[in-house]
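What follows is one structure encoded as structure tokens, with my remarks underneath.
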Amino acid sequence: MTIIRTDKYNYIVKTRIGYEFSIIKRDFSNYWYVSNEDMKIGRCCEDLSEAFDYIEYITLI
């Protein structure tokens, strides 16, 4: 997994098998939002480690 931090609240994660995910924390929000447009999925996570765990889980299925 390759993690690219574009700014304080925005990450791009590229997995070994070629999927690309965005992790974004919106202003005034306590949640991180994980999304992948190709897979048409999105999920709110309470913290950044949960967001990375979700990406690992969804790419193993």
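Chain labels A, B, ... are given in the sequence in which chains occur in the structure tokens; within each chain residues are numbered consecutively from 1, and ligands are likewise numbered from 1 in the order shown.
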> Hey, what does DSSP flag as alpha helix (DSSP H) within chain A? Can you give it to me as a ChimeraX atom specification?
Replying inline: /A:48-60
Could the residues in this selection be saved with N, CA and C atoms as a PDB file, in the first residue's frame?
ATOM      1  N   LEU A  48      -8.192   7.721  11.483  1.00  0.00           N
ATOM      2  CA  LEU A  48      -7.414   7.411  10.292  1.00  0.00           C
ATOM      3  C   LEU A  48      -6.995   5.939  10.255  1.00  0.00           C
ATOM      4  N   SER A  49      -6.677   5.355  11.395  1.00  0.00           N
ATOM      5  CA  SER A  49      -6.277   3.946  11.405  1.00  0.00           C
ATOM      6  C   SER A  49      -7.431   3.038  10.991  1.00  0.00           C
ATOM      7  N   GLU A  50      -8.651   3.385  11.375  1.00  0.00           N
ATOM      8  CA  GLU A  50      -9.823   2.621  10.937  1.00  0.00           C
ATOM      9  C   GLU A  50     -10.006   2.727   9.425  1.00  0.00           C
ATOM     10  N   ALA A  51      -9.711   3.883   8.864  1.00  0.00           N
ATOM     11  CA  ALA A  51      -9.815   4.077   7.418  1.00  0.00           C
ATOM     12  C   ALA A  51      -8.826   3.174   6.674  1.00  0.00           C
ATOM     13  N   PHE A  52      -7.586   3.102   7.161  1.00  0.00           N
ATOM     14  CA  PHE A  52      -6.593   2.231   6.528  1.00  0.00           C
ATOM     15  C   PHE A  52      -6.965   0.762   6.695  1.00  0.00           C
ATOM     16  N   ASP A  53      -7.473   0.385   7.857  1.00  0.00           N
ATOM     17  CA  ASP A  53      -7.922  -0.994   8.083  1.00  0.00           C
ATOM     18  C   ASP A  53      -9.051  -1.361   7.129  1.00  0.00           C
ATOM     19  N   TYR A  54      -9.969  -0.438   6.895  1.00  0.00           N
ATOM     20  CA  TYR A  54     -11.085  -0.688   5.977  1.00  0.00           C
ATOM     21  C   TYR A  54     -10.582  -0.930   4.553  1.00  0.00           C
ATOM     22  N   ILE A  55      -9.607  -0.138   4.122  1.00  0.00           N
ATOM     23  CA  ILE A  55      -9.047  -0.317   2.780  1.00  0.00           C
ATOM     24  C   ILE A  55      -8.397  -1.688   2.660  1.00  0.00           C
ATOM     25  N   GLU A  56      -7.633  -2.085   3.667  1.00  0.00           N
ATOM     26  CA  GLU A  56      -7.017  -3.416   3.647  1.00  0.00           C
ATOM     27  C   GLU A  56      -8.084  -4.497   3.582  1.00  0.00           C
ATOM     28  N   TYR A  57      -9.129  -4.345   4.355  1.00  0.00           N
ATOM     29  CA  TYR A  57     -10.208  -5.343   4.391  1.00  0.00           C
ATOM     30  C   TYR A  57     -10.933  -5.433   3.046  1.00  0.00           C
ATOM     31  N   ILE A  58     -11.306  -4.312   2.484  1.00  0.00           N
ATOM     32  CA  ILE A  58     -12.117  -4.308   1.254  1.00  0.00           C
ATOM     33  C   ILE A  58     -11.308  -4.824   0.059  1.00  0.00           C
ATOM     34  N   THR A  59      -9.992  -4.655   0.070  1.00  0.00           N
ATOM     35  CA  THR A  59      -9.191  -5.148  -1.053  1.00  0.00           C
ATOM     36  C   THR A  59      -8.846  -6.631  -0.900  1.00  0.00           C
ATOM     37  N   LEU A  60      -9.078  -7.206   0.261  1.00  0.00           N
ATOM     38  CA  LEU A  60      -8.847  -8.647   0.450  1.00  0.00           C
ATOM     39  C   LEU A  60     -10.051  -9.485   0.063  1.00  0.00           C
TER      40      LEU A  60
END
>> So that I can check the surroundings of A:Arg16, please list as an MDAnalysis selection string every protein, DNA and RNA residue that reaches within 9 Å of it, counting only C-alpha atoms and ignoring chain neighbours fewer than 2 positions away.
In response: chainID A and resid 1:2 14 18:19
>> Which residues are close to A:Ser29, i.e. within 12 Å by only C-alpha atoms, leaving aside same-chain residues fewer than 2 positions away? Reply as an MDAnalysis selection string.
In response: chainID A and resid 9 24:27 31:33 44:47
If you keep all heavy atoms, can you produce a file of those selected residues as a CSV table (one decimal), in the first residue's frame?
chain,number,residue,atom,x,y,z
A,9,TYR,N,-5.6,17.0,5.7
A,9,TYR,CA,-6.8,16.2,5.8
A,9,TYR,C,-7.2,15.5,4.5
A,9,TYR,O,-8.3,15.3,4.3
A,9,TYR,CB,-8.0,17.0,6.3
A,9,TYR,CG,-7.8,17.6,7.7
A,9,TYR,CD1,-7.7,19.0,7.9
A,9,TYR,CD2,-7.7,16.8,8.8
A,9,TYR,CE1,-7.5,19.5,9.1
A,9,TYR,CE2,-7.5,17.3,10.0
A,9,TYR,CZ,-7.4,18.7,10.2
A,9,TYR,OH,-7.2,19.2,11.5
A,24,ILE,N,-10.5,11.5,3.1
A,24,ILE,CA,-10.7,12.9,3.3
A,24,ILE,C,-11.4,13.2,4.7
A,24,ILE,O,-12.3,12.5,5.0
A,24,ILE,CB,-11.6,13.5,2.2
A,24,ILE,CG1,-10.9,13.3,0.8
A,24,ILE,CG2,-11.9,14.9,2.4
A,24,ILE,CD1,-11.8,13.6,-0.3
A,25,LYS,N,-10.9,14.2,5.4
A,25,LYS,CA,-11.6,14.7,6.6
A,25,LYS,C,-12.2,16.0,6.2
A,25,LYS,O,-11.4,17.0,5.9
A,25,LYS,CB,-10.7,14.7,7.7
A,25,LYS,CG,-11.4,15.1,9.0
A,25,LYS,CD,-10.4,14.9,10.2
A,25,LYS,CE,-11.2,15.2,11.5
A,25,LYS,NZ,-10.3,15.1,12.6
A,26,ARG,N,-13.5,16.2,6.3
A,26,ARG,CA,-14.1,17.4,6.0
A,26,ARG,C,-14.0,18.4,7.1
A,26,ARG,O,-13.8,18.1,8.3
A,26,ARG,CB,-15.6,17.2,5.7
A,26,ARG,CG,-15.9,16.1,4.7
A,26,ARG,CD,-16.3,16.7,3.4
A,26,ARG,NE,-16.7,15.7,2.5
A,26,ARG,CZ,-16.2,15.5,1.3
A,26,ARG,NH1,-15.2,16.3,0.9
A,26,ARG,NH2,-16.6,14.6,0.5
A,27,ASP,N,-14.0,19.7,6.8
A,27,ASP,CA,-14.0,20.7,7.8
A,27,ASP,C,-15.1,20.6,8.8
A,27,ASP,O,-16.2,20.2,8.4
A,27,ASP,CB,-14.1,22.1,7.2
A,27,ASP,CG,-12.9,22.5,6.3
A,27,ASP,OD1,-11.8,21.9,6.5
A,27,ASP,OD2,-13.0,23.3,5.4
A,31,TYR,N,-15.1,12.8,11.4
A,31,TYR,CA,-15.0,11.5,10.7
A,31,TYR,C,-14.1,11.7,9.5
A,31,TYR,O,-14.1,12.7,8.8
A,31,TYR,CB,-16.4,11.0,10.3
A,31,TYR,CG,-17.2,10.7,11.5
A,31,TYR,CD1,-18.1,11.6,12.0
A,31,TYR,CD2,-17.1,9.4,12.1
A,31,TYR,CE1,-18.9,11.2,13.1
A,31,TYR,CE2,-17.8,9.1,13.2
A,31,TYR,CZ,-18.7,10.0,13.7
A,31,TYR,OH,-19.5,9.7,14.8
A,32,TRP,N,-13.5,10.5,9.1
A,32,TRP,CA,-12.7,10.4,7.9
A,32,TRP,C,-13.6,9.7,6.9
A,32,TRP,O,-14.3,8.7,7.2
A,32,TRP,CB,-11.5,9.6,8.1
A,32,TRP,CG,-10.5,10.4,9.0
A,32,TRP,CD1,-10.4,10.3,10.3
A,32,TRP,CD2,-9.4,11.2,8.5
A,32,TRP,NE1,-9.4,11.1,10.8
A,32,TRP,CE2,-8.7,11.7,9.7
A,32,TRP,CE3,-9.0,11.6,7.3
A,32,TRP,CZ2,-7.7,12.5,9.6
A,32,TRP,CZ3,-7.9,12.4,7.2
A,32,TRP,CH2,-7.2,12.9,8.4
A,33,TYR,N,-13.6,10.1,5.6
A,33,TYR,CA,-14.5,9.5,4.6
A,33,TYR,C,-13.6,8.8,3.6
A,33,TYR,O,-12.7,9.4,3.0
A,33,TYR,CB,-15.3,10.5,3.9
A,33,TYR,CG,-16.3,10.0,2.9
A,33,TYR,CD1,-17.4,9.2,3.3
A,33,TYR,CD2,-16.0,10.1,1.5
A,33,TYR,CE1,-18.2,8.7,2.4
A,33,TYR,CE2,-16.9,9.6,0.6
A,33,TYR,CZ,-18.0,8.8,1.0
A,33,TYR,OH,-18.8,8.3,0.1
A,44,CYS,N,-17.7,6.1,6.2
A,44,CYS,CA,-17.2,7.0,7.3
A,44,CYS,C,-16.4,6.2,8.3
A,44,CYS,O,-16.9,5.2,8.7
A,44,CYS,CB,-18.3,7.8,7.9
A,44,CYS,SG,-19.0,9.1,6.8
A,45,CYS,N,-15.3,6.7,8.8
A,45,CYS,CA,-14.5,6.1,9.8
A,45,CYS,C,-14.2,7.1,10.9
A,45,CYS,O,-14.0,8.3,10.6
A,45,CYS,CB,-13.2,5.5,9.2
A,45,CYS,SG,-13.5,4.3,7.9
A,46,GLU,N,-14.1,6.6,12.1
A,46,GLU,CA,-13.9,7.5,13.3
A,46,GLU,C,-12.5,8.0,13.3
A,46,GLU,O,-12.3,9.1,13.9
A,46,GLU,CB,-14.3,6.8,14.6
A,46,GLU,CG,-15.7,6.5,14.7
A,46,GLU,CD,-16.1,6.0,16.1
A,46,GLU,OE1,-15.3,6.2,17.0
A,46,GLU,OE2,-17.2,5.5,16.2
A,47,ASP,N,-11.5,7.2,12.9
A,47,ASP,CA,-10.1,7.7,12.9
A,47,ASP,C,-9.4,7.2,11.7
A,47,ASP,O,-9.9,6.4,10.9
A,47,ASP,CB,-9.4,7.4,14.2
A,47,ASP,CG,-9.4,5.9,14.5
A,47,ASP,OD1,-9.4,5.1,13.5
A,47,ASP,OD2,-9.3,5.5,15.6
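Separating atom CA of A:Met39 from atom CA of A:Asp7 is a distance of 24.1 Å.
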>> Please list as a VMD selection string every residue within 9 Å of stretch 35-38 of chain A, counting only C-alpha atoms and excluding residues in the same chain fewer than 3 positions away.
In response: chain A and resid 19 to 24 41 to 44
Using N, CA, C and O atoms, can you export the residues from the last selection as a PDB file, in the first residue's frame?
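Final file, result_11.pdb:
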ATOM      1  N   TYR A  19      -5.885  -0.569  -6.961  1.00  0.00           N
ATOM      2  CA  TYR A  19      -7.001   0.294  -6.583  1.00  0.00           C
ATOM      3  C   TYR A  19      -6.483   1.579  -5.961  1.00  0.00           C
ATOM      4  O   TYR A  19      -5.459   1.593  -5.292  1.00  0.00           O
ATOM      5  N   GLU A  20      -7.232   2.655  -6.168  1.00  0.00           N
ATOM      6  CA  GLU A  20      -6.872   3.943  -5.597  1.00  0.00           C
ATOM      7  C   GLU A  20      -8.028   4.457  -4.742  1.00  0.00           C
ATOM      8  O   GLU A  20      -9.153   4.560  -5.215  1.00  0.00           O
ATOM      9  N   PHE A  21      -7.739   4.770  -3.500  1.00  0.00           N
ATOM     10  CA  PHE A  21      -8.746   5.253  -2.564  1.00  0.00           C
ATOM     11  C   PHE A  21      -8.413   6.669  -2.129  1.00  0.00           C
ATOM     12  O   PHE A  21      -7.245   7.046  -2.061  1.00  0.00           O
ATOM     13  N   SER A  22      -9.443   7.427  -1.814  1.00  0.00           N
ATOM     14  CA  SER A  22      -9.283   8.750  -1.220  1.00  0.00           C
ATOM     15  C   SER A  22      -9.726   8.675   0.230  1.00  0.00           C
ATOM     16  O   SER A  22     -10.725   8.040   0.543  1.00  0.00           O
ATOM     17  N   ILE A  23      -8.965   9.318   1.100  1.00  0.00           N
ATOM     18  CA  ILE A  23      -9.358   9.461   2.497  1.00  0.00           C
ATOM     19  C   ILE A  23      -9.379  10.953   2.779  1.00  0.00           C
ATOM     20  O   ILE A  23      -8.359  11.627   2.661  1.00  0.00           O
ATOM     21  N   ILE A  24     -10.539  11.456   3.147  1.00  0.00           N
ATOM     22  CA  ILE A  24     -10.734  12.894   3.323  1.00  0.00           C
ATOM     23  C   ILE A  24     -11.404  13.158   4.660  1.00  0.00           C
ATOM     24  O   ILE A  24     -12.341  12.466   5.043  1.00  0.00           O
ATOM     25  N   ILE A  41     -17.871   2.699  -3.747  1.00  0.00           N
ATOM     26  CA  ILE A  41     -18.042   2.508  -2.309  1.00  0.00           C
ATOM     27  C   ILE A  41     -17.614   3.759  -1.572  1.00  0.00           C
ATOM     28  O   ILE A  41     -16.846   4.564  -2.070  1.00  0.00           O
ATOM     29  N   GLY A  42     -18.109   3.905  -0.382  1.00  0.00           N
ATOM     30  CA  GLY A  42     -17.727   4.983   0.501  1.00  0.00           C
ATOM     31  C   GLY A  42     -18.082   4.609   1.920  1.00  0.00           C
ATOM     32  O   GLY A  42     -19.018   3.850   2.158  1.00  0.00           O
ATOM     33  N   ARG A  43     -17.306   5.097   2.881  1.00  0.00           N
ATOM     34  CA  ARG A  43     -17.571   4.759   4.272  1.00  0.00           C
ATOM     35  C   ARG A  43     -16.978   5.831   5.172  1.00  0.00           C
ATOM     36  O   ARG A  43     -15.888   6.336   4.928  1.00  0.00           O
ATOM     37  N   CYS A  44     -17.682   6.141   6.249  1.00  0.00           N
ATOM     38  CA  CYS A  44     -17.176   7.048   7.267  1.00  0.00           C
ATOM     39  C   CYS A  44     -16.450   6.235   8.329  1.00  0.00           C
ATOM     40  O   CYS A  44     -16.930   5.185   8.744  1.00  0.00           O
TER      41      CYS A  44
END
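Here the strand (DSSP E or B) residues in stretch 10-52 of chain A, by DSSP on the backbone, are Asn10, Tyr11, Ile12, Val13, Lys14, Glu20, Phe21, Ser22, Ile23, Ile24, Lys25, Trp32, Tyr33, Val34, Ser35, Asn36, Ile41, Gly42, Arg43, Cys44 and Cys45 of chain A.
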